[in-house]
file work-v2.cif (mmCIF, C-alpha atoms)
data_upload
#
loop_
_atom_site.label_atom_id
_atom_site.label_comp_id
_atom_site.auth_asym_id
_atom_site.auth_seq_id
_atom_site.Cartn_x
_atom_site.Cartn_y
_atom_site.Cartn_z
CA MET W 1 -5.80 -24.83 -32.74
CA TYR W 2 -8.14 -25.21 -29.77
CA ARG W 3 -8.66 -21.70 -28.35
CA ILE W 4 -10.79 -20.39 -25.50
CA GLU W 5 -12.14 -16.88 -26.03
CA LEU W 6 -13.15 -15.04 -22.86
CA GLY W 7 -13.73 -11.67 -24.49
CA MET W 8 -14.93 -8.61 -22.62
CA LYS W 9 -16.28 -10.63 -19.70
CA SER W 10 -12.88 -12.01 -18.77
CA ASN W 11 -12.01 -11.79 -15.07
CA VAL W 12 -8.41 -12.94 -15.54
CA GLU W 13 -5.80 -10.25 -14.94
CA VAL W 14 -2.46 -10.49 -16.75
CA SER W 15 0.66 -8.71 -15.52
CA ILE W 16 3.29 -8.24 -18.23
CA MET W 17 6.90 -7.91 -17.14
CA ALA W 18 9.48 -7.02 -19.79
CA GLU W 19 13.08 -6.01 -19.30
CA GLY W 20 13.56 -2.25 -19.24
CA ARG W 21 9.79 -1.59 -19.26
CA PRO W 22 7.38 -0.61 -16.49
CA LEU W 23 4.93 -3.25 -15.30
CA LEU W 24 1.89 -3.49 -17.57
CA VAL W 25 -1.44 -4.89 -16.38
CA GLY W 26 -4.12 -6.04 -18.78
CA ARG W 27 -7.01 -8.47 -19.20
CA LEU W 28 -6.89 -11.92 -20.78
CA HIS W 29 -8.93 -11.94 -23.99
CA ASP W 30 -8.23 -15.44 -25.35
CA VAL W 31 -5.88 -18.33 -24.69
CA SER W 32 -4.72 -21.56 -26.31
CA ALA W 33 -1.98 -24.11 -25.68
CA GLU W 34 0.31 -21.99 -27.89
CA GLY W 35 -0.29 -18.45 -26.67
CA ALA W 36 -2.61 -15.76 -25.33
CA GLY W 37 -4.28 -12.53 -26.35
CA VAL W 38 -4.12 -9.69 -23.82
CA VAL W 39 -5.96 -6.36 -23.90
CA LEU W 40 -4.71 -3.28 -22.02
CA PRO W 41 -5.10 0.50 -22.21
CA ASN W 42 -3.22 2.07 -25.11
CA LEU W 43 0.29 3.10 -24.06
CA THR W 44 1.64 4.95 -27.06
CA SER W 45 4.67 6.22 -25.14
CA ALA W 46 6.14 2.76 -24.51
CA PRO W 47 4.42 -0.05 -26.45
CA LEU W 48 5.92 -3.52 -26.45
CA SER W 49 7.54 -4.41 -29.74
CA VAL W 50 7.03 -7.55 -31.80
CA GLY W 51 9.65 -10.13 -30.83
CA GLN W 52 10.12 -8.73 -27.33
CA LYS W 53 10.36 -11.28 -24.53
CA ALA W 54 8.13 -10.98 -21.49
CA MET W 55 6.93 -12.81 -18.40
CA LEU W 56 3.14 -13.14 -18.14
CA VAL W 57 1.51 -13.63 -14.73
CA PHE W 58 -2.13 -14.80 -14.78
CA VAL W 59 -4.36 -14.12 -11.76
CA GLY W 60 -8.09 -14.79 -11.48
CA ALA W 61 -10.90 -15.98 -9.24
CA ASN W 62 -10.80 -19.52 -10.66
CA ILE W 63 -7.00 -19.82 -10.77
CA VAL W 64 -5.71 -21.66 -7.72
CA ARG W 65 -2.36 -19.85 -7.73
CA PRO W 66 -0.78 -17.24 -10.03
CA LEU W 67 0.53 -18.82 -13.22
CA ARG W 68 3.82 -17.45 -14.59
CA VAL W 69 4.58 -18.15 -18.26
CA SER W 70 7.46 -16.95 -20.43
CA ALA W 71 6.31 -15.53 -23.76
CA VAL W 72 7.28 -13.39 -26.73
CA VAL W 73 5.22 -10.69 -28.45
CA LYS W 74 3.90 -12.03 -31.75
CA GLN W 75 1.67 -9.14 -32.80
CA ARG W 76 0.12 -5.88 -31.63
CA ARG W 77 -2.78 -3.80 -32.86
CA THR W 78 -4.60 -0.74 -31.51
CA GLU W 79 -8.37 -0.31 -31.51
CA GLY W 80 -10.29 2.87 -30.78
CA ILE W 81 -9.10 6.45 -30.41
CA GLY W 82 -8.25 8.78 -27.56
CA ALA W 83 -9.09 7.65 -24.05
CA GLU W 84 -11.05 4.69 -25.44
CA ALA W 85 -8.06 3.22 -27.30
CA VAL W 86 -6.83 -0.22 -26.26
CA ASP W 87 -3.89 -2.35 -27.35
CA HIS W 88 -4.42 -6.00 -28.31
CA TYR W 89 -1.24 -8.03 -27.86
CA GLY W 90 -0.76 -11.55 -29.15
CA PHE W 91 1.83 -13.58 -27.23
CA ASP W 92 3.42 -16.92 -28.11
CA PHE W 93 4.31 -19.02 -25.08
CA THR W 94 7.94 -20.12 -24.84
CA ASP W 95 7.41 -22.06 -21.61
CA LYS W 96 4.16 -24.07 -21.54
CA GLU W 97 4.38 -25.68 -18.11
CA GLY W 98 0.97 -25.56 -16.43
CA ILE W 99 -0.85 -24.32 -19.54
CA ASP W 100 -3.01 -27.45 -20.01
CA GLU W 101 -4.38 -27.16 -16.47
CA PHE W 102 -4.94 -23.43 -16.94
CA LEU W 103 -6.94 -24.01 -20.13
CA ILE W 104 -9.07 -26.65 -18.46
CA ALA W 105 -9.74 -24.30 -15.55
CA GLN W 106 -10.87 -21.54 -17.94
CA ASP W 107 -13.04 -23.87 -20.00
CA LEU W 108 -14.73 -25.44 -16.98
CA HIS W 109 -15.30 -21.97 -15.52
CA ILE W 110 -17.18 -21.05 -18.69
CA LEU W 111 -18.92 -24.40 -18.78
CA PHE W 112 -20.27 -24.50 -15.24
CA ASN W 113 -20.29 -20.94 -13.89
CA ARG W 114 -21.56 -19.17 -17.00
CA ARG W 115 -23.92 -21.97 -18.05
CA ARG W 116 -22.42 -22.36 -21.52
CA THR W 117 -22.29 -26.05 -22.34
CA ARG W 118 -19.47 -27.57 -24.32
CA ARG W 119 -20.28 -30.79 -26.13
CA VAL W 120 -17.65 -33.46 -26.61
CA GLN W 121 -17.67 -36.50 -28.87
CA PRO W 122 -16.63 -39.98 -27.77
CA ASP W 123 -13.69 -41.77 -29.37
CA VAL W 124 -14.89 -43.26 -32.67
CA ALA W 125 -12.81 -46.34 -31.86
CA ALA W 126 -14.84 -46.90 -28.69
CA PRO W 127 -18.50 -46.07 -29.46
CA ILE W 128 -20.92 -45.67 -26.57
CA GLU W 129 -24.27 -47.44 -26.79
CA VAL W 130 -27.27 -45.90 -25.07
CA LEU W 131 -30.42 -47.71 -23.96
CA LEU W 132 -33.58 -45.64 -24.48
CA GLU W 133 -36.59 -46.47 -22.34
CA ASP W 134 -40.12 -45.11 -22.36
CA GLY W 135 -41.32 -45.23 -18.77
CA VAL W 136 -44.98 -45.07 -19.79
CA SER W 137 -45.21 -47.89 -22.35
CA GLY W 138 -42.17 -49.82 -21.14
CA LYS W 139 -40.68 -50.10 -24.63
CA SER W 140 -36.94 -49.81 -25.07
CA ALA W 141 -34.35 -49.67 -27.85
CA ALA W 142 -30.67 -49.01 -28.43
CA GLY W 143 -29.06 -45.87 -29.85
CA GLN W 144 -25.55 -44.53 -30.32
CA LEU W 145 -24.12 -41.59 -28.39
CA LEU W 146 -22.95 -38.86 -30.79
CA ASP W 147 -22.02 -36.08 -28.39
CA LEU W 148 -22.40 -35.28 -24.71
CA SER W 149 -22.41 -32.34 -22.33
CA THR W 150 -23.42 -31.86 -18.71
CA ALA W 151 -26.81 -30.62 -19.93
CA GLY W 152 -27.75 -33.19 -22.54
CA VAL W 153 -26.82 -35.70 -25.18
CA GLY W 154 -27.01 -36.22 -28.92
CA LEU W 155 -28.14 -39.68 -30.01
CA LEU W 156 -28.40 -41.53 -33.30
CA VAL W 157 -31.21 -44.06 -33.68
CA THR W 158 -32.36 -46.10 -36.64
CA PRO W 159 -35.51 -45.10 -38.56
CA LYS W 160 -37.20 -48.20 -37.10
CA VAL W 161 -36.44 -47.09 -33.53
CA ASP W 162 -37.61 -43.58 -34.36
CA SER W 163 -40.95 -44.91 -35.59
CA ARG W 164 -41.36 -46.93 -32.38
CA PHE W 165 -40.71 -43.80 -30.29
CA ALA W 166 -42.96 -41.52 -32.35
CA GLY W 167 -44.92 -39.31 -29.96
CA VAL W 168 -42.57 -40.07 -27.04
CA ASP W 169 -40.92 -37.01 -25.51
CA CYS W 170 -39.75 -38.14 -22.07
CA LEU W 171 -37.08 -40.84 -21.94
CA ARG W 172 -34.87 -42.68 -19.53
CA LEU W 173 -31.32 -43.12 -20.82
CA ALA W 174 -28.78 -45.67 -19.61
CA PHE W 175 -25.13 -45.81 -20.70
CA ARG W 176 -21.59 -46.34 -19.43
CA LEU W 177 -18.73 -43.90 -19.92
CA PRO W 178 -15.12 -45.00 -20.40
CA GLU W 179 -13.19 -45.29 -17.13
CA HIS W 180 -16.44 -45.31 -15.14
CA ALA W 181 -17.77 -48.70 -14.11
CA GLU W 182 -21.23 -47.64 -12.94
CA GLU W 183 -24.03 -47.36 -15.47
CA LEU W 184 -25.49 -43.86 -15.63
CA ARG W 185 -29.27 -43.65 -15.72
CA LEU W 186 -30.68 -40.22 -16.49
CA GLU W 187 -34.14 -38.90 -17.29
CA GLY W 188 -34.42 -36.59 -20.26
CA THR W 189 -36.68 -34.84 -22.74
CA ILE W 190 -36.32 -35.03 -26.53
CA ARG W 191 -35.97 -31.44 -27.73
CA TYR W 192 -35.56 -32.16 -31.44
CA ARG W 193 -35.42 -34.92 -34.03
CA ALA W 194 -33.52 -34.57 -37.29
CA ARG W 195 -32.87 -37.02 -40.11
CA GLU W 196 -29.23 -37.50 -41.05
CA ALA W 197 -26.98 -40.12 -42.63
CA GLY W 198 -27.43 -43.41 -40.84
CA GLY W 199 -30.69 -42.64 -39.09
CA VAL W 200 -32.33 -39.97 -36.94
CA ARG W 201 -30.57 -37.68 -34.48
CA TYR W 202 -32.24 -37.00 -31.13
CA GLY W 203 -31.28 -33.97 -29.07
CA VAL W 204 -32.07 -34.90 -25.46
CA GLU W 205 -31.95 -32.48 -22.53
CA PHE W 206 -31.31 -34.03 -19.11
CA ASP W 207 -34.00 -33.51 -16.47
CA GLY W 208 -32.39 -32.80 -13.11
CA VAL W 209 -35.71 -33.00 -11.25
CA ARG W 210 -36.78 -36.42 -12.51
CA THR W 211 -33.28 -37.95 -12.34
CA GLU W 212 -32.31 -39.50 -9.01
CA ARG W 213 -28.95 -38.33 -7.60
CA PHE W 214 -28.66 -35.97 -10.56
CA ARG W 215 -25.87 -33.78 -9.16
CA GLU W 216 -23.78 -36.88 -8.41
CA LYS W 217 -24.26 -38.16 -11.96
CA GLN W 218 -23.59 -34.72 -13.42
CA ALA W 219 -20.25 -34.70 -11.60
CA VAL W 220 -19.34 -37.89 -13.51
CA LEU W 221 -20.26 -36.12 -16.76
CA GLU W 222 -18.14 -33.12 -15.78
CA LYS W 223 -15.09 -35.33 -15.29
CA TYR W 224 -15.66 -37.04 -18.63
CA VAL W 225 -15.96 -33.70 -20.44
CA ALA W 226 -12.76 -32.49 -18.74
CA ARG W 227 -10.88 -35.62 -19.83
CA CYS W 228 -12.02 -35.10 -23.42
CA LEU W 229 -10.91 -31.46 -23.32
CA ARG W 230 -7.48 -32.49 -22.04
CA ALA W 231 -7.21 -34.98 -24.89
CA LEU W 232 -8.06 -32.20 -27.36
CA LEU W 233 -5.38 -29.98 -25.89
CA LYS W 234 -2.73 -32.66 -26.06
CA CYS W 235 -3.38 -33.40 -29.72
CA GLY W 236 -3.89 -29.76 -30.67
CA ALA W 237 -7.38 -30.34 -32.04
CA THR W 238 -9.55 -27.49 -33.17
#
call {"tool": "encode", "arguments": {"input": "work-v2.cif", "output": "structure tokens"}}
result
Amino acid sequence: MYRIELGMKSNVEVSIMAEGRPLLVGRLHDVSAEGAGVVLPNLTSAPLSVGQKAMLVFVGANIVRPLRVSAVVKQRRTEGIGAEAVDHYGFDFTDKEGIDEFLIAQDLHILFNRRRTRRVQPDVAAPIEVLLEDGVSGKSAAGQLLDLSTAGVGLLVTPKVDSRFAGVDCLRLAFRLPEHAEELRLEGTIRYRAREAGGVRYGVEFDGVRTERFREKQAVLEKYVARCLRALLKCGAT
């Protein structure tokens, strides 16, 4: 199951409301389309029990409005001792309305605000061809897009193409993404080459300085990545 782990750096607050219990406030640790992990100070006097129903309210800087989700306690464990002890609760959602959008918001927050790039792969039924160009010699060749992020791209080229581009580090890439009519042209630098089945993989990092209108083109990449993440959520991919 596709799960986003925020860990100790999470800035999402979770209020837990259960019948007959005082309000509990913790921090979101991880979340998926099926449930969430919440960490809060150890409350040995009145812990929530497995199977207990609760209402979770998520609040955070990158959440447009508080998200309320019905859930049930699936598991509980305590870590640490004394004043340092914390309870880890695992909740299963019983009402998933708004969860897809919440997951996308969390993932894009990690992706763009914390500079961790998530790579997505195109649909194998609709491969994306990429034109590689060497601006110095003028030579060009075709490759296949393997994966893509807002920071770079993985390409597969044939051994023949690789031999033609031996010694070339800086490239211009041109390709079209599904549901986007305009061809994207981005400058990049080959960071690694690796032989694999079918040819040679290039890891190319986009160059925001050399690429014209880079931020505008990066916004197109952001939308494509978000669409792929939504597709993963809907099919429950890992």
call {"tool": "resolve_selection", "arguments": {"input": "work-v2.cif", "expression": "the PyMOL selection byres ((chain W and resi 46-48) around 12)", "output": "number ranges by chain"}}
result
W: 16-24, 40-45, 49-54, 72-78, 86-91
call {"tool": "write_last_selection", "arguments": {"input": "work-v2.cif", "atoms": "C-alpha atoms", "output": "PDB file, keeping the file's coordinate frame"}}
result
ATOM      1  CA  ILE W  16       3.290  -8.240 -18.230  1.00  0.00           C
ATOM      2  CA  MET W  17       6.900  -7.910 -17.140  1.00  0.00           C
ATOM      3  CA  ALA W  18       9.480  -7.020 -19.790  1.00  0.00           C
ATOM      4  CA  GLU W  19      13.080  -6.010 -19.300  1.00  0.00           C
ATOM      5  CA  GLY W  20      13.560  -2.250 -19.240  1.00  0.00           C
ATOM      6  CA  ARG W  21       9.790  -1.590 -19.260  1.00  0.00           C
ATOM      7  CA  PRO W  22       7.380  -0.610 -16.490  1.00  0.00           C
ATOM      8  CA  LEU W  23       4.930  -3.250 -15.300  1.00  0.00           C
ATOM      9  CA  LEU W  24       1.890  -3.490 -17.570  1.00  0.00           C
ATOM     10  CA  LEU W  40      -4.710  -3.280 -22.020  1.00  0.00           C
ATOM     11  CA  PRO W  41      -5.100   0.500 -22.210  1.00  0.00           C
ATOM     12  CA  ASN W  42      -3.220   2.070 -25.110  1.00  0.00           C
ATOM     13  CA  LEU W  43       0.290   3.100 -24.060  1.00  0.00           C
ATOM     14  CA  THR W  44       1.640   4.950 -27.060  1.00  0.00           C
ATOM     15  CA  SER W  45       4.670   6.220 -25.140  1.00  0.00           C
ATOM     16  CA  SER W  49       7.540  -4.410 -29.740  1.00  0.00           C
ATOM     17  CA  VAL W  50       7.030  -7.550 -31.800  1.00  0.00           C
ATOM     18  CA  GLY W  51       9.650 -10.130 -30.830  1.00  0.00           C
ATOM     19  CA  GLN W  52      10.120  -8.730 -27.330  1.00  0.00           C
ATOM     20  CA  LYS W  53      10.360 -11.280 -24.530  1.00  0.00           C
ATOM     21  CA  ALA W  54       8.130 -10.980 -21.490  1.00  0.00           C
ATOM     22  CA  VAL W  72       7.280 -13.390 -26.730  1.00  0.00           C
ATOM     23  CA  VAL W  73       5.220 -10.690 -28.450  1.00  0.00           C
ATOM     24  CA  LYS W  74       3.900 -12.030 -31.750  1.00  0.00           C
ATOM     25  CA  GLN W  75       1.670  -9.140 -32.800  1.00  0.00           C
ATOM     26  CA  ARG W  76       0.120  -5.880 -31.630  1.00  0.00           C
ATOM     27  CA  ARG W  77      -2.780  -3.800 -32.860  1.00  0.00           C
ATOM     28  CA  THR W  78      -4.600  -0.740 -31.510  1.00  0.00           C
ATOM     29  CA  VAL W  86      -6.830  -0.220 -26.260  1.00  0.00           C
ATOM     30  CA  ASP W  87      -3.890  -2.350 -27.350  1.00  0.00           C
ATOM     31  CA  HIS W  88      -4.420  -6.000 -28.310  1.00  0.00           C
ATOM     32  CA  TYR W  89      -1.240  -8.030 -27.860  1.00  0.00           C
ATOM     33  CA  GLY W  90      -0.760 -11.550 -29.150  1.00  0.00           C
ATOM     34  CA  PHE W  91       1.830 -13.580 -27.230  1.00  0.00           C
TER      35      PHE W  91
END
call {"tool": "resolve_selection", "arguments": {"input": "work-v2.cif", "expression": "the PyMOL selection byres ((chain W and resi 208) around 12)", "output": "PyMOL selection string"}}
result
chain W and resi 150-152+185-189+205-207+209-218
call {"tool": "residues_around", "arguments": {"input": "work-v2.cif", "residues": "W:Val14", "least_positions_apart": "3", "cutoff": "9 Å", "atoms": "only C-alpha atoms", "output": "MDAnalysis selection string"}}
result
chainID W and resid 24:28 38:39 56:60
call {"tool": "closest_residue", "arguments": {"input": "work-v2.cif", "among": "W:Ala166, W:Leu145, W:Val130, W:Met55", "to": "W:Arg201", "atoms": "only C-alpha atoms"}}
result
W:Leu145
call {"tool": "closest_residue", "arguments": {"input": "work-v2.cif", "among": "W:Leu173, W:Ala126, W:Ala71, W:Val200", "to": "W:Thr158", "atoms": "all atoms listed in the file"}}
result
W:Val200
call {"tool": "atom_distance", "arguments": {"input": "work-v2.cif", "atom1": "atom CA of W:Phe93", "atom2": "atom CA of W:Glu13"}}
result
16.8 Å
call {"tool": "resolve_selection", "arguments": {"input": "work-v2.cif", "expression": "the PyMOL selection byres ((chain W and resi 34) around 6)", "output": "PDB file with C-alpha atoms, in the coordinates of the input"}}
result
ATOM      1  CA  SER W  32      -4.720 -21.560 -26.310  1.00  0.00           C
ATOM      2  CA  ALA W  33      -1.980 -24.110 -25.680  1.00  0.00           C
ATOM      3  CA  GLY W  35      -0.290 -18.450 -26.670  1.00  0.00           C
ATOM      4  CA  ASP W  92       3.420 -16.920 -28.110  1.00  0.00           C
ATOM      5  CA  PHE W  93       4.310 -19.020 -25.080  1.00  0.00           C
TER       6      PHE W  93
END
call {"tool": "closest_residue", "arguments": {"input": "work-v2.cif", "among": "W:Val12, W:Ala181, W:Ile128, W:Ala194", "to": "W:Asp147", "atoms": "all atoms listed in the file"}}
result
W:Ile128
call {"tool": "atom_distance", "arguments": {"input": "work-v2.cif", "atom1": "atom CA of W:Tyr202", "atom2": "atom CA of W:Val157"}}
result
7.6 Å
call {"tool": "closest_residue", "arguments": {"input": "work-v2.cif", "among": "W:Asp30, W:Asp162, W:Glu222, W:Glu182", "to": "W:Gly199", "atoms": "all atoms listed in the file"}}
result
W:Asp162
call {"tool": "atom_distance", "arguments": {"input": "work-v2.cif", "atom1": "atom CA of W:Arg195", "atom2": "atom CA of W:Pro159"}}
result
8.6 Å
call {"tool": "closest_residue", "arguments": {"input": "work-v2.cif", "among": "W:Glu133, W:Leu156, W:Ala141, W:Tyr224", "to": "W:Ala197", "atoms": "all atoms listed in the file"}}
result
W:Leu156
call {"tool": "residues_near_point", "arguments": {"input": "work-v2.cif", "point": "(-19.5, -32.5, -25.0)", "cutoff": "7 Å", "atoms": "all atoms listed in the file", "output": "list in words"}}
result
Arg118, Arg119, Val120, Gln121, Asp147, Leu148, Ser149 and Val225 of chain W
call {"tool": "closest_residue", "arguments": {"input": "work-v2.cif", "among": "W:Pro178, W:Ile190, W:Glu196, W:Leu6", "to": "W:Leu132", "atoms": "all atoms listed in the file"}}
result
W:Ile190
call {"tool": "residues_around", "arguments": {"input": "work-v2.cif", "residues": "W:Pro127", "least_positions_apart": "2", "cutoff": "9 Å", "atoms": "only C-alpha atoms", "output": "list of chain:residue names"}}
result
W:Pro122, W:Asp123, W:Val124, W:Ala125, W:Glu129, W:Gln144, W:Leu145, W:Leu146
call {"tool": "residues_around", "arguments": {"input": "work-v2.cif", "residues": "W:Gly167", "least_positions_apart": "6", "cutoff": "12 Å", "atoms": "all atoms listed in the file", "output": "list in words"}}
result
Asp134, Val136, Ser137, Thr189, Ile190, Tyr192 and Arg193 of chain W
call {"tool": "build_atoms", "arguments": {"input": "work-v2.cif", "residues": "stretch 146-159 of chain W", "atoms": "N, CA, C and O atoms", "output": "mmCIF file, in the frame of the given file"}}
result
data_model
loop_
_atom_site.group_PDB
_atom_site.id
_atom_site.type_symbol
_atom_site.label_atom_id
_atom_site.label_comp_id
_atom_site.auth_asym_id
_atom_site.auth_seq_id
_atom_site.Cartn_x
_atom_site.Cartn_y
_atom_site.Cartn_z
ATOM 1 N N LEU W 146 -23.706 -39.671 -29.832
ATOM 2 C CA LEU W 146 -22.950 -38.860 -30.790
ATOM 3 C C LEU W 146 -22.134 -37.785 -30.105
ATOM 4 O O LEU W 146 -20.988 -37.530 -30.462
ATOM 5 N N ASP W 147 -22.732 -37.103 -29.147
ATOM 6 C CA ASP W 147 -22.020 -36.080 -28.390
ATOM 7 C C ASP W 147 -22.682 -35.937 -27.024
ATOM 8 O O ASP W 147 -23.827 -36.372 -26.822
ATOM 9 N N LEU W 148 -21.947 -35.307 -26.100
ATOM 10 C CA LEU W 148 -22.400 -35.280 -24.710
ATOM 11 C C LEU W 148 -21.930 -33.997 -24.036
ATOM 12 O O LEU W 148 -20.830 -33.512 -24.297
ATOM 13 N N SER W 149 -22.778 -33.451 -23.188
ATOM 14 C CA SER W 149 -22.410 -32.340 -22.330
ATOM 15 C C SER W 149 -23.020 -32.598 -20.956
ATOM 16 O O SER W 149 -23.691 -33.612 -20.756
ATOM 17 N N THR W 150 -22.816 -31.693 -20.024
ATOM 18 C CA THR W 150 -23.420 -31.860 -18.710
ATOM 19 C C THR W 150 -24.909 -31.561 -18.734
ATOM 20 O O THR W 150 -25.613 -31.835 -17.772
ATOM 21 N N ALA W 151 -25.397 -30.996 -19.843
ATOM 22 C CA ALA W 151 -26.810 -30.620 -19.930
ATOM 23 C C ALA W 151 -27.634 -31.553 -20.794
ATOM 24 O O ALA W 151 -28.857 -31.590 -20.672
ATOM 25 N N GLY W 152 -26.972 -32.321 -21.661
ATOM 26 C CA GLY W 152 -27.750 -33.190 -22.540
ATOM 27 C C GLY W 152 -26.870 -34.057 -23.413
ATOM 28 O O GLY W 152 -25.641 -34.097 -23.262
ATOM 29 N N VAL W 153 -27.521 -34.730 -24.353
ATOM 30 C CA VAL W 153 -26.820 -35.700 -25.180
ATOM 31 C C VAL W 153 -27.411 -35.729 -26.577
ATOM 32 O O VAL W 153 -28.607 -35.478 -26.764
ATOM 33 N N GLY W 154 -26.555 -35.998 -27.566
ATOM 34 C CA GLY W 154 -27.010 -36.220 -28.920
ATOM 35 C C GLY W 154 -26.959 -37.702 -29.221
ATOM 36 O O GLY W 154 -25.953 -38.356 -28.952
ATOM 37 N N LEU W 155 -28.049 -38.251 -29.749
ATOM 38 C CA LEU W 155 -28.140 -39.680 -30.010
ATOM 39 C C LEU W 155 -28.461 -39.939 -31.475
ATOM 40 O O LEU W 155 -29.124 -39.131 -32.117
ATOM 41 N N LEU W 156 -28.021 -41.081 -31.968
ATOM 42 C CA LEU W 156 -28.400 -41.530 -33.300
ATOM 43 C C LEU W 156 -29.167 -42.825 -33.159
ATOM 44 O O LEU W 156 -28.682 -43.784 -32.556
ATOM 45 N N VAL W 157 -30.388 -42.853 -33.701
ATOM 46 C CA VAL W 157 -31.210 -44.060 -33.680
ATOM 47 C C VAL W 157 -31.583 -44.425 -35.109
ATOM 48 O O VAL W 157 -31.533 -43.589 -36.017
ATOM 49 N N THR W 158 -31.949 -45.659 -35.308
ATOM 50 C CA THR W 158 -32.360 -46.100 -36.640
ATOM 51 C C THR W 158 -33.771 -45.584 -36.937
ATOM 52 O O THR W 158 -34.533 -45.253 -36.016
ATOM 53 N N PRO W 159 -34.147 -45.510 -38.212
ATOM 54 C CA PRO W 159 -35.510 -45.100 -38.560
ATOM 55 C C PRO W 159 -36.561 -45.995 -37.891
ATOM 56 O O PRO W 159 -37.640 -45.519 -37.509
#
